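Structure data (mmCIF, C-alpha atoms) from upload05.cif:
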data_upload
loop_
_atom_site.label_atom_id
_atom_site.label_comp_id
_atom_site.auth_asym_id
_atom_site.auth_seq_id
_atom_site.Cartn_x
_atom_site.Cartn_y
_atom_site.Cartn_z
CA MET Y 5 32.41 -1.03 -1.86
CA SER Y 6 32.19 2.09 0.30
CA THR Y 7 30.09 2.08 3.47
CA LEU Y 8 27.82 5.08 3.92
CA CYS Y 9 28.55 7.18 7.00
CA ILE Y 10 26.59 9.87 8.82
CA TYR Y 11 28.98 12.77 9.41
CA GLY Y 12 26.70 15.07 11.41
CA GLY Y 13 23.30 16.70 11.33
CA GLY Y 14 20.93 19.44 12.28
CA MET Y 15 17.35 19.88 13.41
CA VAL Y 16 14.62 22.30 14.39
CA THR Y 17 12.12 20.89 16.89
CA ALA Y 18 9.70 22.05 19.55
CA LEU Y 19 12.52 21.43 22.04
CA GLY Y 20 15.18 23.52 20.32
CA TYR Y 21 16.20 25.47 17.24
CA ASN Y 22 19.28 23.33 16.58
CA ALA Y 23 20.59 19.81 17.10
CA PRO Y 24 22.58 20.37 20.33
CA ALA Y 25 19.64 22.04 22.09
CA SER Y 26 17.07 19.50 20.89
CA LEU Y 27 19.21 16.46 21.70
CA ALA Y 28 20.17 17.75 25.14
CA ALA Y 29 16.49 18.29 25.94
CA LEU Y 30 15.62 14.80 24.72
CA ARG Y 31 18.39 13.33 26.86
CA ALA Y 32 16.98 15.19 29.88
CA GLY Y 33 13.48 13.85 29.18
CA ILE Y 34 11.94 17.29 28.67
CA SER Y 35 8.55 17.24 26.95
CA ALA Y 36 7.41 19.82 24.43
CA ILE Y 37 3.79 18.60 24.53
CA ARG Y 38 1.57 21.57 25.40
CA ARG Y 39 -1.96 22.86 24.90
CA THR Y 40 -2.37 24.20 21.37
CA VAL Y 41 -4.69 26.73 19.76
CA TRP Y 42 -6.50 23.90 17.96
CA ALA Y 43 -9.49 22.20 19.58
CA ASP Y 44 -10.85 18.67 19.70
CA THR Y 45 -14.10 18.76 17.73
CA ASP Y 46 -15.78 16.25 20.07
CA SER Y 47 -15.01 17.69 23.49
CA GLY Y 48 -14.15 21.27 22.59
CA GLU Y 49 -11.00 20.93 24.71
CA PRO Y 50 -7.66 22.23 23.34
CA LEU Y 51 -5.60 19.60 21.55
CA LEU Y 52 -2.23 18.75 23.03
CA GLY Y 53 0.72 18.88 20.65
CA ALA Y 54 4.25 20.14 20.12
CA LYS Y 55 4.51 23.34 18.09
CA VAL Y 56 7.81 24.94 17.13
CA SER Y 57 7.85 28.58 18.22
CA LEU Y 58 8.81 30.09 14.89
CA PRO Y 59 9.28 33.87 14.78
CA HIS Y 60 6.31 34.24 12.41
CA TRP Y 61 2.91 32.58 12.57
CA TRP Y 62 1.94 31.08 9.26
CA GLU Y 63 1.06 27.81 7.60
CA GLY Y 64 1.93 26.33 4.25
CA LEU Y 65 5.20 25.72 2.45
CA GLY Y 66 6.87 28.72 4.07
CA LYS Y 67 6.47 27.05 7.45
CA LEU Y 68 7.98 23.77 6.21
CA ALA Y 69 10.90 25.62 4.63
CA ASP Y 70 11.53 27.53 7.87
CA LEU Y 71 11.60 24.24 9.79
CA VAL Y 72 14.10 22.42 7.58
CA ALA Y 73 16.38 25.13 6.11
CA PRO Y 74 18.26 25.76 9.41
CA ALA Y 75 18.75 21.99 9.83
CA ILE Y 76 20.28 21.80 6.36
CA GLN Y 77 22.52 24.77 7.18
CA GLU Y 78 23.76 22.91 10.27
CA CYS Y 79 24.71 19.97 8.04
CA LEU Y 80 26.71 22.22 5.73
CA ALA Y 81 28.84 23.26 8.72
CA HIS Y 82 30.20 19.69 8.79
CA THR Y 83 31.86 19.96 5.38
CA ASP Y 84 33.91 22.38 3.29
CA ILE Y 85 32.43 21.06 0.05
CA PRO Y 86 30.34 23.78 -1.66
CA ALA Y 87 26.60 23.43 -1.01
CA THR Y 88 25.94 23.51 -4.77
CA ASN Y 89 27.80 20.17 -5.07
CA ILE Y 90 25.65 18.40 -2.47
CA PRO Y 91 22.23 16.98 -3.48
CA LEU Y 92 19.35 17.36 -1.04
CA LEU Y 93 17.10 14.31 -0.68
CA LEU Y 94 14.07 15.44 1.28
CA ALA Y 95 11.40 13.27 2.93
CA VAL Y 96 7.96 14.90 3.02
CA PRO Y 97 4.34 13.91 3.77
CA ASP Y 98 2.69 11.31 1.57
CA ALA Y 99 0.69 12.80 -1.29
CA ARG Y 100 -2.39 10.88 -0.10
CA ARG Y 101 -2.45 12.55 3.32
CA GLN Y 102 -5.50 14.75 3.85
CA GLY Y 103 -4.68 18.42 4.41
CA ARG Y 104 -1.25 18.23 2.75
CA PHE Y 105 -0.12 21.69 1.62
CA ALA Y 106 -0.88 22.49 -2.02
CA ARG Y 107 2.01 22.53 -4.53
CA LEU Y 108 4.38 21.00 -1.99
CA ASP Y 109 6.10 18.84 -4.61
CA GLU Y 110 6.61 21.74 -7.02
CA ASP Y 111 7.51 24.61 -4.69
CA LEU Y 112 9.16 23.33 -1.51
CA LEU Y 113 12.70 23.01 -2.91
CA PRO Y 114 12.63 26.57 -4.32
CA GLU Y 115 11.34 27.83 -0.95
CA ILE Y 116 14.27 26.15 0.82
CA GLU Y 117 16.68 27.44 -1.81
CA ALA Y 118 15.48 30.99 -1.17
CA ARG Y 119 16.13 30.68 2.57
CA LEU Y 120 19.59 29.17 2.14
CA GLY Y 121 20.59 31.56 -0.63
CA VAL Y 122 22.05 28.63 -2.56
CA PRO Y 123 20.65 27.00 -5.73
CA HIS Y 124 19.86 23.35 -5.13
CA HIS Y 125 21.79 20.55 -6.81
CA GLY Y 126 20.27 19.15 -10.00
CA ARG Y 127 19.81 15.73 -8.41
CA SER Y 128 17.88 17.08 -5.41
CA ARG Y 129 14.44 15.53 -5.05
CA LEU Y 130 11.57 14.77 -2.69
CA PHE Y 131 10.50 11.42 -1.24
CA ALA Y 132 6.80 11.61 -0.35
CA ALA Y 133 6.56 8.59 1.95
CA ASP Y 134 5.97 10.01 5.44
CA GLN Y 135 8.15 8.39 8.14
CA ALA Y 136 9.78 6.00 5.65
CA GLY Y 137 10.71 8.66 3.08
CA ALA Y 138 14.20 9.23 4.47
CA ALA Y 139 14.93 5.50 4.19
CA LEU Y 140 14.27 5.70 0.45
CA ALA Y 141 16.57 8.72 0.39
CA LEU Y 142 19.29 6.76 2.23
CA ALA Y 143 19.09 3.95 -0.33
CA CYS Y 144 19.42 6.50 -3.15
CA ALA Y 145 22.36 8.25 -1.46
CA MET Y 146 24.09 4.90 -0.89
CA GLN Y 147 24.01 4.16 -4.62
CA TRP Y 148 25.37 7.59 -5.55
CA ILE Y 149 28.14 7.56 -2.93
CA GLN Y 150 29.24 4.01 -3.79
CA ALA Y 151 29.33 4.91 -7.51
CA GLY Y 152 31.32 8.06 -6.78
CA ASP Y 153 28.68 10.22 -8.47
CA VAL Y 154 28.56 12.84 -5.69
CA PRO Y 155 30.92 13.66 -2.78
CA ARG Y 156 28.21 14.11 -0.12
CA VAL Y 157 24.42 13.97 0.21
CA ILE Y 158 22.10 15.66 2.67
CA ILE Y 159 19.21 13.44 3.81
CA ALA Y 160 16.46 15.58 5.35
CA GLY Y 161 12.85 15.34 6.44
CA VAL Y 162 10.24 17.94 7.28
CA ASP Y 163 6.65 17.63 8.42
CA SER Y 164 3.88 19.28 10.39
CA TYR Y 165 0.57 17.84 11.57
CA LEU Y 166 -0.44 21.21 13.04
CA HIS Y 167 -2.74 22.27 10.23
CA GLN Y 168 -6.51 22.44 10.71
CA PRO Y 169 -7.64 20.30 7.73
CA MET Y 170 -5.07 17.65 8.64
CA LEU Y 171 -6.05 17.66 12.32
CA ASP Y 172 -9.75 17.40 11.42
CA ASP Y 173 -9.07 14.29 9.34
CA TYR Y 174 -7.08 12.56 12.08
CA ILE Y 175 -9.70 13.45 14.70
CA GLU Y 176 -12.44 12.03 12.49
CA ARG Y 177 -10.50 8.78 12.11
CA ARG Y 178 -9.76 8.69 15.86
CA ARG Y 179 -6.02 8.84 15.39
CA LEU Y 180 -5.22 11.76 17.71
CA MET Y 181 -4.88 11.63 21.48
CA THR Y 182 -7.96 13.41 22.87
CA PRO Y 183 -10.05 13.29 26.07
CA SER Y 184 -12.20 10.59 24.44
CA ASN Y 185 -9.41 8.64 22.72
CA SER Y 186 -6.36 7.24 24.51
CA ASN Y 187 -5.23 5.29 21.44
CA GLY Y 188 -3.77 8.18 19.49
CA PHE Y 189 -0.75 10.41 18.95
CA PHE Y 190 0.11 14.00 19.81
CA PRO Y 191 0.64 16.09 16.65
CA GLY Y 192 4.02 17.73 16.22
CA GLU Y 193 6.28 19.32 13.64
CA ALA Y 194 10.01 19.41 12.92
CA GLY Y 195 12.75 19.58 10.36
CA ALA Y 196 15.82 17.34 10.59
CA ALA Y 197 18.78 16.57 8.32
CA VAL Y 198 21.98 14.51 8.24
CA LEU Y 199 25.08 14.82 6.07
CA VAL Y 200 26.23 11.49 4.62
CA GLY Y 201 29.32 10.48 2.70
CA PRO Y 202 31.84 7.68 2.12
CA GLU Y 203 33.54 5.92 5.02
CA GLN Y 204 37.03 6.72 3.70
CA GLN Y 205 36.50 10.46 4.26
CA ALA Y 206 34.40 10.28 7.42
CA PRO Y 207 35.48 12.36 10.42
CA PRO Y 208 36.19 10.84 13.85
CA GLY Y 209 32.96 10.01 15.65
CA ALA Y 210 30.98 9.36 12.46
CA LEU Y 211 28.21 6.76 12.32
CA ARG Y 212 28.33 3.82 9.91
CA LEU Y 213 25.22 2.53 8.17
CA LEU Y 214 25.77 -1.23 8.38
CA GLY Y 215 22.43 -2.41 7.02
CA LEU Y 216 19.26 -1.03 5.46
CA GLY Y 217 16.07 -3.01 4.85
CA MET Y 218 12.64 -2.11 3.52
CA ALA Y 219 9.39 -4.00 2.99
CA GLU Y 220 5.67 -3.43 2.50
CA GLU Y 221 3.23 -4.20 5.33
CA PRO Y 222 0.15 -6.02 3.93
CA ALA Y 223 -2.02 -4.80 6.84
CA PRO Y 224 -1.20 -1.11 7.46
CA ILE Y 225 -2.97 0.88 10.16
CA ASN Y 226 -6.03 1.72 8.05
CA SER Y 227 -6.42 -1.84 6.76
CA THR Y 228 -9.02 -4.38 7.86
CA GLU Y 229 -6.66 -7.29 7.11
CA PRO Y 230 -5.27 -9.37 10.01
CA PHE Y 231 -2.19 -7.64 11.38
CA GLN Y 232 0.93 -9.78 11.87
CA ALA Y 233 3.73 -7.20 11.43
CA LYS Y 234 5.09 -9.08 8.42
CA GLY Y 235 6.46 -5.95 6.74
CA LEU Y 236 8.53 -4.66 9.65
CA THR Y 237 9.77 -8.17 10.44
CA GLN Y 238 11.03 -8.49 6.85
CA ALA Y 239 12.61 -5.02 6.91
CA VAL Y 240 14.43 -5.64 10.20
CA ALA Y 241 15.59 -9.10 9.12
CA ALA Y 242 16.93 -7.66 5.85
CA ALA Y 243 18.81 -4.88 7.67
CA LEU Y 244 20.35 -7.35 10.13
CA ASN Y 245 21.32 -9.70 7.31
CA GLN Y 246 23.00 -6.88 5.38
CA ALA Y 247 24.83 -5.83 8.56
CA ARG Y 248 25.88 -9.48 9.13
CA CYS Y 249 24.59 -9.46 12.68
CA SER Y 250 21.61 -10.62 14.73
CA MET Y 251 19.38 -9.02 17.33
CA ALA Y 252 21.79 -10.38 19.95
CA ASP Y 253 24.36 -7.88 18.66
CA VAL Y 254 21.96 -4.92 18.93
CA GLY Y 255 22.30 -2.76 22.02
CA TYR Y 256 18.95 -0.96 21.76
CA ARG Y 257 16.25 0.24 19.39
CA LEU Y 258 15.21 3.74 18.31
CA THR Y 259 11.74 3.96 16.78
CA ASP Y 260 8.86 6.12 15.58
CA LEU Y 261 6.40 4.75 18.16
CA SER Y 262 3.88 7.52 18.67
CA GLY Y 263 1.41 6.40 21.32
CA GLU Y 264 -0.91 4.45 19.03
CA HIS Y 265 -1.27 0.79 20.02
CA TYR Y 266 -0.63 -0.37 16.45
CA LYS Y 267 3.08 0.45 16.39
CA PHE Y 268 3.70 -0.86 19.90
CA LYS Y 269 2.16 -4.20 18.87
CA GLU Y 270 4.25 -4.15 15.70
CA ALA Y 271 7.49 -3.59 17.63
CA ALA Y 272 6.56 -6.35 20.08
CA PHE Y 273 5.85 -8.81 17.25
CA VAL Y 274 9.26 -8.11 15.69
CA ALA Y 275 11.12 -8.49 18.97
CA GLY Y 276 9.31 -11.72 19.74
CA ARG Y 277 10.26 -13.22 16.40
CA LEU Y 278 13.84 -12.00 16.01
CA ASP Y 279 15.20 -11.31 19.51
CA THR Y 280 15.36 -14.93 20.66
CA SER Y 281 18.71 -14.98 22.48
CA ALA Y 282 18.99 -14.83 26.26
CA ARG Y 283 19.50 -11.32 27.65
CA THR Y 284 20.57 -10.21 31.11
CA SER Y 285 18.30 -7.14 30.79
CA LEU Y 286 15.55 -5.88 28.53
CA MET Y 287 16.57 -4.12 25.32
CA GLU Y 288 15.79 -0.42 25.64
CA LEU Y 289 13.28 1.06 23.22
CA TRP Y 290 13.67 4.80 22.59
CA HIS Y 291 10.75 6.73 21.10
CA PRO Y 292 11.41 10.51 21.14
CA ILE Y 293 7.93 11.22 19.74
CA GLU Y 294 6.92 10.90 23.41
CA TYR Y 295 8.54 14.32 23.92
CA LEU Y 296 8.28 15.88 20.43
CA GLY Y 297 4.85 14.80 19.23
CA ASP Y 298 4.64 12.91 15.94
CA ILE Y 299 7.05 14.60 13.51
CA GLY Y 300 6.25 12.39 10.52
CA ALA Y 301 8.81 12.55 7.72
CA ALA Y 302 11.44 14.20 9.96
CA ILE Y 303 11.73 11.23 12.34
CA LEU Y 304 14.43 9.08 10.70
CA PRO Y 305 17.08 11.86 10.34
CA LEU Y 306 16.36 12.75 13.97
CA LEU Y 307 16.75 9.16 15.20
CA LEU Y 308 20.10 8.83 13.41
CA GLN Y 309 21.32 11.94 15.18
CA GLN Y 310 20.00 10.76 18.53
CA HIS Y 311 22.11 7.60 18.34
CA LEU Y 312 25.14 9.58 17.12
CA HIS Y 313 24.75 12.04 20.01
CA ALA Y 314 24.27 9.23 22.54
CA LEU Y 315 27.49 7.59 21.39
CA GLN Y 316 29.49 10.81 21.42
CA GLU Y 317 28.21 11.83 24.86
CA GLY Y 318 28.51 8.35 26.38
CA TYR Y 319 24.89 7.60 27.28
CA ALA Y 320 24.00 5.07 24.56
CA PRO Y 321 22.89 1.64 25.91
CA GLY Y 322 25.02 0.02 23.21
CA ARG Y 323 27.30 0.73 20.26
CA VAL Y 324 25.06 -0.99 17.70
CA ALA Y 325 21.52 0.36 17.32
CA LEU Y 326 18.51 -0.81 15.34
CA ILE Y 327 16.30 1.99 14.02
CA HIS Y 328 12.89 1.19 12.53
CA VAL Y 329 10.08 3.34 11.16
CA GLY Y 330 6.90 2.89 9.14
CA SER Y 331 4.39 4.91 7.15
CA ASP Y 332 0.60 4.80 7.30
CA ALA Y 333 0.59 3.56 3.69
CA GLY Y 334 2.58 0.46 4.67
CA LEU Y 335 6.25 1.05 3.84
CA ARG Y 336 8.50 -0.26 6.62
CA ALA Y 337 12.19 0.55 6.95
CA ALA Y 338 14.95 -0.52 9.32
CA CYS Y 339 18.62 0.30 9.58
CA VAL Y 340 21.51 -0.94 11.68
CA VAL Y 341 24.04 1.71 12.67
CA ALA Y 342 27.25 1.66 14.69
CA PRO Y 343 30.19 4.00 15.30
CA LEU Y 344 33.03 4.08 12.83
CA GLU Y 345 35.84 1.80 14.01
CA GLY Y 346 38.25 3.64 16.25
CA SER Y 347 35.70 6.38 17.09
CA ALA Y 348 33.12 6.86 19.85
#
Could you write out this file's structure as C-alpha cells?
Amino acid sequence: MSTLCIYGGGMVTALGYNAPASLAALRAGISAIRRTVWADTDSGEPLLGAKVSLPHWWEGLGKLADLVAPAIQECLAHTDIPATNIPLLLAVPDARRQGRFARLDEDLLPEIEARLGVPHHGRSRLFAADQAGAALALACAMQWIQAGDVPRVIIAGVDSYLHQPMLDDYIERRRLMTPSNSNGFFPGEAGAAVLVGPEQQAPPGALRLLGLGMAEEPAPINSTEPFQAKGLTQAVAAALNQARCSMADVGYRLTDLSGEHYKFKEAAFVAGRLDTSARTSLMELWHPIEYLGDIGAAILPLLLQQHLHALQEGYAPGRVALIHVGSDAGLRAACVVAPLEGSA
C-alpha cells in the first residue's frame, strides 16, 4: 500500500504572494494583522484583520479564485505531469456559514479554470467543511493514489472572512476580536495548496502522511452541550494509531488555534489525555493564525507546508509533527506527518 506524500505547495496570504515569502515571514514572526476598512458595529472602531493586497478591489468568487489560483500554479511547478491529469480537491467555506458567496459551489471551479487557462480534471470537486475540508480531500486523494487511479492530486483551500455580511454575523455572535470582546479571532483570507502523490515517486525532502484521523465533536462551539473535546481526542488518537506512534514520538503540534478560548481549551484537553509521557521540555504549539488572521478552509494546506518548510530549513522542533484542525460545525481532523526517510 502506497503512503501519500506531500511534494510541495503554494500559497497566497496577507504576508506574501507565494509560499517562500509567506513562510519566511511566518518564521520571522511578522504579523499581517492591521486596521481594516470594516468597522465594529458596537464601538465604531475599525476591525483588525489580515487582508491580502490583491491588485483589484472586489468581493465574491473572483476574489477567492484570485487567492487560490496562484497557489495551485505553484504546485504545478513541482511536477511535469500535465495539469489536465491532476484533480483539484478544494476546501471551501461551509454552506451553512452566513454571508457565504452565492453560487460558490457551481462557479468557483470554472473561475479558477479561467485564471489558470487549463480545464479542470473531471474528478475535481469541492469540500465545503471549513477548516476540516482539506482533511476530507486528503482522505479522498489517499484512496485514489493508493488505487493508482490518478498520478497526482492537488489539495487546496481558499477562504475569506473579510466580507461585510459575514463580519456582521460573527460580530453579532461575539466571535470576532473587538474592543469589547477579547474572546474572538481576527478575520483573514488566503489561498493555499499542496501537491500530493505516491511515496515511490516522491522527490527528496517530501513529507509523508503517516496517519489521518477524523471525528465529530458532539459539543461544537455554538452548542450548549458540555464541552469535553471528545471529537478532537478521537481524531488525534486515530491519527496516532494509524501512524503507529504515540504523543511521545511527536516533536510539536501545528494547529488552527485562532484566539478564541474554545480551541485553546480543546487543545489542552487533548494534550492532557494523550501526552502522558515525561518530557524534558514543553511541546511547542504553532498557530500561524496569530499572524495571518483566521484563514478558514485554507489552514490545513498551509500547516502542511509550514512543517515541510521548517524541516527543509532546519528550524522544526522535531521531525514528526501532529497537525489538528476543526470546523465550527463539529468535524475534527488530525494528521501525523514526517519527512520521507533519507530526506530532511
Y:Ala337, Y:Val157, Y:Ala132, Y:Val96: which is nearest Val200 (chain Y), counting all atoms listed in the file?
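Using all atoms listed in the file, Val200 (chain Y) sits closest to Y:Val157.
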Using only C-alpha atoms, which protein or nucleic acid residues come within 7 Å of region 67-81 of chain Y? Drop anything in the same chain fewer than 4 positions from it, and give the result as a list in words.
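Using only C-alpha atoms, the neighbours found are Gly12, Gly13, Gly14, Met15, Val16, Asn22, Trp62, Glu63, Ala87, Leu112, Glu115, Ile116, Arg119, Leu120, Val162, Asp163, Ala194, Gly195, Ala196, Ala197, Val198 and Leu199 of chain Y.
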Could you write out as a list in words the residues that the PyMOL selection byres ((chain Y and resi 221) around 8) matches in the shown file?
Ala219, Glu220, Pro222, Ala223, Pro224, Ala233, Lys234, Gly235, Leu236, Gly334, Leu335 and Arg336 of chain Y
Name the residues in contact with Gln246 (chain Y) at a cut-off of 12 Å, using all atoms listed in the file, excluding same-chain residues fewer than 2 positions from it; report them as a ChimeraX atom specification.
/Y:7,213-218,239-244,248-250,338-341
Name the residues that the PyMOL selection byres ((chain Y and resi 18) around 9) picks from the file above, as an MDAnalysis selection string, using the file's chain letters and numbers.
chainID Y and resid 16:17 19:21 26 35:37 54:57 192:194 295:297
If we count all atoms listed in the file and set the cut-off at 9 Å, which residues sit around Gly33 (chain Y), ignoring sequence neighbours fewer than 4 positions away in its own chain? Please answer as an MDAnalysis selection string.
chainID Y and resid 28:29 292 295
I would like the residues chosen by the PyMOL selection byres ((chain Y and resi 189-191) around 7) on the shown file; could you give them as a list in words?
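Given this file, the PyMOL selection byres ((chain Y and resi 189-191) around 7) evaluates to Leu52, Gly53, Ala54, Tyr165, Leu166, Arg179, Leu180, Met181, Gly188, Gly192, Ser262, Gly263, Glu264, Gly297 and Asp298 of chain Y.
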CA of Gly201 (chain Y) to CA of Cys9 (chain Y), distance in Å rounded to a single decimal:
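Rounded to one decimal, the two atoms are 5.5 Å apart.
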Å distance separating CA of Trp290 (chain Y) from CA of Gly161 (chain Y), one decimal place:
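We find that CA of Trp290 (chain Y) and CA of Gly161 (chain Y) lie 19.3 Å from each other.
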Of the candidates Y:Pro97, Y:Gly276, Y:Gly121, Y:Pro183, which shows the shortest atom-to-atom distance to Ile303 (chain Y), using only C-alpha atoms?
Y:Pro97
When you look at Leu289 (chain Y) with a cut-off of 7 Å (counting all atoms listed in the file), what residues show up, excluding the ones that are within fewer than 4 positions of it in the same chain? I need them as a compact mmCIF listing (two decimals) with C-alpha atoms, keeping the file's coordinate frame.
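What landed in around_8.txt:
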# COMPACT_ATOMS: atom_id res chain seq x y z
CA TYR Y 256 18.95 -0.96 21.76
CA ARG Y 257 16.25 0.24 19.39
CA LEU Y 258 15.21 3.74 18.31
Using CA of Asp173 (chain Y) and CA of Ser47 (chain Y) as the two end points, give the distance in Å to one decimal.
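Result for CA of Asp173 (chain Y) versus CA of Ser47 (chain Y): 15.7 Å, one decimal.
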Around all of region 112-131 of chain Y's listed atoms, make the axis-aligned box with 6 Å on each side and tell me centre and edge lengths in Å to one decimal, as lines of an AutoDock Vina configuration file.
center_x = 15.6
center_y = 21.5
center_z = -3.7
size_x = 24.9
size_y = 32.1
size_z = 24.6
With 8 Å as the threshold, what does the neighbourhood of (16.4, 12.5, -4.3) contain in terms of residues, counting only C-alpha atoms? Coordinates are those of the file; answer as a list in words.
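Within 8 Å of (16.4, 12.5, -4.3), the protein and nucleic acid residues are Pro91, Leu92, Leu93, Leu94, Arg127, Ser128, Arg129, Leu130, Phe131, Ala141, Cys144 and Ala145 of chain Y.
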Nearest residue to Ile299 (chain Y) out of Y:Ala275, Y:Ser164, Y:Glu229, Y:Met287, using all atoms listed in the file?
Y:Ser164
Shell around region 133-139 of chain Y at 6 Å using only C-alpha atoms, local window under 6 positions removed, as a PyMOL selection string:
chain Y and resi 95-98+300-301+330-331
